[in-house]
Amino acid sequence: MSFIHDDFMLQSETAKKLYHEYAENMPIFDYHCHLVPQQIAEDYEFENITELWLGGDHYKWRAMRSNGIDESRITGAATDRDKFQAFAETMPYLLRNPLYDWAQLELARYFGITDLLSPDTAQTIWDQTLEQLRQPGFSARGF
């Protein structure tokens, strides 16, 4: 079974019933967002997953700093590919932290990627997301 699946985080039969029979098909209104409002208004198309994921996510930045990642690879002059690699290097240390689950959930739900993000899978995941971000619907409003 993959890490992200239909019963992800549902640990009891009651939880599964409540979610699948009542909540699963309900709309989600989530105003907590790290996208710039102008990006949403203009339906901005992201160049890569670093721009989408790490461009303004202070939670991910804090985790990377806690992992000893140099600031140049977080908000500095490093390439977007290197910044994504730095986040992938941080992922194994986030196990049992909600960021770990959120990152894996976003990869699965929005990109269909069920491989766990790690230093070893970063290039493949980078390539897969790069290809998908070029497709219609993978934009600020599309997400």
# chains A, B, ... in the order shown; residues from 1 in each chain; ligands from 1
>>> select_by_dssp(residues="chain A", states="alpha helix (DSSP H)", output="PyMOL selection string")
chain A and resi 13-18+37-41+49+58-66+80-90+98-111+122-133
>>> residues_around(residues="Leu94 in chain A", least_positions_apart="6", cutoff="12 Å", atoms="only C-alpha atoms", output="list in words")
Tyr59, Lys60, Arg62, Ala63, Met64, Ser66, Asn67, Phe87, Ala88, Tyr100, Asp101, Trp102, Ala103, Gln104, Leu117 and Ser118 of chain A
>>> residues_around(residues="Thr75 in chain A", least_positions_apart="6", cutoff="10 Å", atoms="only C-alpha atoms", output="PDB file with all heavy atoms, in the first residue's frame")
ATOM      1  N   LEU A  54       8.058  26.221  -2.798  1.00  0.00           N
ATOM      2  CA  LEU A  54       9.000  26.848  -1.870  1.00  0.00           C
ATOM      3  C   LEU A  54       9.063  28.364  -1.998  1.00  0.00           C
ATOM      4  O   LEU A  54       9.672  29.022  -1.165  1.00  0.00           O
ATOM      5  CB  LEU A  54      10.411  26.270  -2.081  1.00  0.00           C
ATOM      6  CG  LEU A  54      10.537  24.766  -1.883  1.00  0.00           C
ATOM      7  CD1 LEU A  54      11.933  24.290  -2.271  1.00  0.00           C
ATOM      8  CD2 LEU A  54      10.216  24.375  -0.458  1.00  0.00           C
ATOM      9  N   GLY A  55       8.423  28.910  -3.041  1.00  0.00           N
ATOM     10  CA  GLY A  55       8.516  30.337  -3.299  1.00  0.00           C
ATOM     11  C   GLY A  55       8.108  31.223  -2.136  1.00  0.00           C
ATOM     12  O   GLY A  55       8.693  32.270  -1.924  1.00  0.00           O
ATOM     13  N   GLY A  56       7.129  30.815  -1.369  1.00  0.00           N
ATOM     14  CA  GLY A  56       6.681  31.653  -0.256  1.00  0.00           C
ATOM     15  C   GLY A  56       6.274  30.853   0.962  1.00  0.00           C
ATOM     16  O   GLY A  56       5.541  31.357   1.811  1.00  0.00           O
ATOM     17  N   HIS A  58       7.009  29.683   4.269  1.00  0.00           N
ATOM     18  CA  HIS A  58       7.896  29.862   5.411  1.00  0.00           C
ATOM     19  C   HIS A  58       7.983  28.621   6.297  1.00  0.00           C
ATOM     20  O   HIS A  58       8.963  28.428   7.007  1.00  0.00           O
ATOM     21  CB  HIS A  58       7.483  31.088   6.228  1.00  0.00           C
ATOM     22  CG  HIS A  58       6.067  31.048   6.687  1.00  0.00           C
ATOM     23  ND1 HIS A  58       5.694  30.526   7.892  1.00  0.00           N
ATOM     24  CD2 HIS A  58       4.928  31.467   6.069  1.00  0.00           C
ATOM     25  CE1 HIS A  58       4.376  30.623   8.016  1.00  0.00           C
ATOM     26  NE2 HIS A  58       3.889  31.184   6.917  1.00  0.00           N
ATOM     27  N   TRP A  61      10.642  26.627   4.627  1.00  0.00           N
ATOM     28  CA  TRP A  61      11.913  27.320   4.854  1.00  0.00           C
ATOM     29  C   TRP A  61      12.430  27.052   6.269  1.00  0.00           C
ATOM     30  O   TRP A  61      13.610  26.773   6.464  1.00  0.00           O
ATOM     31  CB  TRP A  61      11.751  28.825   4.688  1.00  0.00           C
ATOM     32  CG  TRP A  61      11.402  29.306   3.315  1.00  0.00           C
ATOM     33  CD1 TRP A  61      11.461  28.599   2.138  1.00  0.00           C
ATOM     34  CD2 TRP A  61      10.931  30.605   2.982  1.00  0.00           C
ATOM     35  NE1 TRP A  61      11.052  29.388   1.106  1.00  0.00           N
ATOM     36  CE2 TRP A  61      10.722  30.625   1.583  1.00  0.00           C
ATOM     37  CE3 TRP A  61      10.662  31.744   3.715  1.00  0.00           C
ATOM     38  CZ2 TRP A  61      10.260  31.758   0.917  1.00  0.00           C
ATOM     39  CZ3 TRP A  61      10.197  32.865   3.060  1.00  0.00           C
ATOM     40  CH2 TRP A  61      10.006  32.876   1.675  1.00  0.00           C
ATOM     41  N   LYS A  83      17.365  24.183  -4.860  1.00  0.00           N
ATOM     42  CA  LYS A  83      16.488  24.454  -3.716  1.00  0.00           C
ATOM     43  C   LYS A  83      15.525  23.288  -3.488  1.00  0.00           C
ATOM     44  O   LYS A  83      15.276  22.893  -2.348  1.00  0.00           O
ATOM     45  CB  LYS A  83      15.713  25.758  -3.923  1.00  0.00           C
ATOM     46  CG  LYS A  83      16.597  26.993  -3.850  1.00  0.00           C
ATOM     47  CD  LYS A  83      15.815  28.258  -4.171  1.00  0.00           C
ATOM     48  CE  LYS A  83      16.705  29.478  -4.119  1.00  0.00           C
ATOM     49  NZ  LYS A  83      15.985  30.713  -4.444  1.00  0.00           N
TER      50      LYS A  83
END
>>> residues_around(residues="Phe143 in chain A", least_positions_apart="5", cutoff="8 Å", atoms="only C-alpha atoms", output="PyMOL selection string")
chain A and resi 110+137-138
>>> closest_atom_pairs(of="range 75-141 of chain A", to="range 5-9 of chain A", cutoff="12 Å", atoms="only C-alpha atoms", output="CSV")
residue,atom,partner,partner_atom,distance
A:Pro98,CA,A:Met9,CA,11.4
A:Asp101,CA,A:Met9,CA,9.4
A:Trp102,CA,A:Phe8,CA,11.3
A:Gln104,CA,A:His5,CA,10.7
A:Leu105,CA,A:Phe8,CA,9.0
A:Ala108,CA,A:His5,CA,8.8
A:Arg109,CA,A:His5,CA,9.9
A:Gly112,CA,A:His5,CA,11.2
A:Ile113,CA,A:His5,CA,11.5
A:Thr114,CA,A:His5,CA,8.9
A:Asp115,CA,A:His5,CA,11.9
>>> write_last_selection(atoms="N, CA, C and O atoms", output="mmCIF file, in the first residue's frame")
data_model
loop_
_atom_site.group_PDB
_atom_site.id
_atom_site.type_symbol
_atom_site.label_atom_id
_atom_site.label_comp_id
_atom_site.auth_asym_id
_atom_site.auth_seq_id
_atom_site.Cartn_x
_atom_site.Cartn_y
_atom_site.Cartn_z
ATOM 1 N N PRO A 98 3.844 17.304 10.474
ATOM 2 C CA PRO A 98 2.796 17.479 9.467
ATOM 3 C C PRO A 98 3.320 17.884 8.087
ATOM 4 O O PRO A 98 2.707 17.551 7.082
ATOM 5 N N ASP A 101 3.683 14.812 5.862
ATOM 6 C CA ASP A 101 2.407 14.322 5.340
ATOM 7 C C ASP A 101 1.845 15.271 4.288
ATOM 8 O O ASP A 101 1.353 14.842 3.245
ATOM 9 N N TRP A 102 1.890 16.575 4.556
ATOM 10 C CA TRP A 102 1.345 17.541 3.615
ATOM 11 C C TRP A 102 2.066 17.471 2.274
ATOM 12 O O TRP A 102 1.420 17.507 1.231
ATOM 13 N N GLN A 104 3.732 14.963 0.925
ATOM 14 C CA GLN A 104 3.392 13.721 0.230
ATOM 15 C C GLN A 104 1.958 13.764 -0.298
ATOM 16 O O GLN A 104 1.680 13.305 -1.402
ATOM 17 N N LEU A 105 1.057 14.341 0.496
ATOM 18 C CA LEU A 105 -0.340 14.453 0.093
ATOM 19 C C LEU A 105 -0.480 15.358 -1.131
ATOM 20 O O LEU A 105 -1.212 15.043 -2.071
ATOM 21 N N ALA A 108 0.687 13.533 -4.222
ATOM 22 C CA ALA A 108 -0.272 12.510 -4.641
ATOM 23 C C ALA A 108 -1.541 13.133 -5.220
ATOM 24 O O ALA A 108 -1.996 12.742 -6.296
ATOM 25 N N ARG A 109 -2.114 14.106 -4.521
ATOM 26 C CA ARG A 109 -3.399 14.666 -4.926
ATOM 27 C C ARG A 109 -3.317 15.531 -6.178
ATOM 28 O O ARG A 109 -4.199 15.515 -7.021
ATOM 29 N N GLY A 112 -0.406 13.211 -8.795
ATOM 30 C CA GLY A 112 -0.520 11.767 -8.964
ATOM 31 C C GLY A 112 0.758 11.017 -8.652
ATOM 32 O O GLY A 112 0.943 9.878 -9.073
ATOM 33 N N ILE A 113 1.650 11.630 -7.891
ATOM 34 C CA ILE A 113 2.951 11.030 -7.564
ATOM 35 C C ILE A 113 2.866 10.410 -6.173
ATOM 36 O O ILE A 113 2.637 11.117 -5.186
ATOM 37 N N THR A 114 3.042 9.101 -6.107
ATOM 38 C CA THR A 114 2.964 8.412 -4.818
ATOM 39 C C THR A 114 4.334 8.000 -4.287
ATOM 40 O O THR A 114 4.418 7.471 -3.184
ATOM 41 N N ASP A 115 5.387 8.233 -5.055
ATOM 42 C CA ASP A 115 6.737 7.976 -4.542
ATOM 43 C C ASP A 115 7.023 8.964 -3.419
ATOM 44 O O ASP A 115 6.635 10.134 -3.499
#
>>> residues_around(residues="Ala122 in chain A", least_positions_apart="2", cutoff="12 Å", atoms="only C-alpha atoms", output="ChimeraX atom specification")
/A:49-50,81-91,107,113,115-120,124-130
>>> atom_distance(atom1="CA of Trp53 in chain A", atom2="CA of Phe29 in chain A")
19.8 Å
>>> closest_residue(among="A:Leu10, A:Pro27, A:Phe46, A:Lys17", to="Gly142 in chain A", atoms="only C-alpha atoms")
A:Phe46
>>> atom_distance(atom1="CA of Thr14 in chain A", atom2="CA of Glu106 in chain A")
24.9 Å
>>> atom_distance(atom1="CA of Leu52 in chain A", atom2="CA of Ala140 in chain A")
8.8 Å
>>> closest_residue(among="A:Ser72, A:Glu51, A:Glu131, A:Ala77", to="Gln39 in chain A", atoms="only C-alpha atoms")
A:Glu51
>>> decode(residues="range 111-124 of chain A", atoms="N, CA and C atoms", output="compact mmCIF listing (two decimals), in the first residue's frame")
# COMPACT_ATOMS: atom_id res chain seq x y z
N PHE A 111 -0.42 15.90 -8.31
CA PHE A 111 0.45 15.43 -9.39
C PHE A 111 0.35 13.93 -9.64
N GLY A 112 -0.41 13.21 -8.79
CA GLY A 112 -0.52 11.77 -8.96
C GLY A 112 0.76 11.02 -8.65
N ILE A 113 1.65 11.63 -7.89
CA ILE A 113 2.95 11.03 -7.56
C ILE A 113 2.87 10.41 -6.17
N THR A 114 3.04 9.10 -6.11
CA THR A 114 2.96 8.41 -4.82
C THR A 114 4.33 8.00 -4.29
N ASP A 115 5.39 8.23 -5.05
CA ASP A 115 6.74 7.98 -4.54
C ASP A 115 7.02 8.96 -3.42
N LEU A 116 7.70 8.51 -2.39
CA LEU A 116 8.06 9.40 -1.29
C LEU A 116 9.19 10.32 -1.72
N LEU A 117 9.04 11.60 -1.44
CA LEU A 117 10.09 12.56 -1.77
C LEU A 117 11.29 12.35 -0.85
N SER A 118 12.44 12.17 -1.43
CA SER A 118 13.69 11.97 -0.70
C SER A 118 14.82 12.45 -1.61
N PRO A 119 16.04 12.50 -1.10
CA PRO A 119 17.15 12.88 -1.98
C PRO A 119 17.27 11.97 -3.20
N ASP A 120 16.94 10.70 -3.04
CA ASP A 120 17.06 9.74 -4.14
C ASP A 120 15.95 9.87 -5.19
N THR A 121 14.78 10.36 -4.81
CA THR A 121 13.66 10.47 -5.75
C THR A 121 13.47 11.90 -6.27
N ALA A 122 14.25 12.83 -5.78
CA ALA A 122 14.05 14.25 -6.11
C ALA A 122 14.11 14.52 -7.61
N GLN A 123 15.08 13.95 -8.31
CA GLN A 123 15.21 14.25 -9.74
C GLN A 123 14.00 13.73 -10.52
N THR A 124 13.57 12.51 -10.22
CA THR A 124 12.41 11.95 -10.92
C THR A 124 11.17 12.77 -10.64
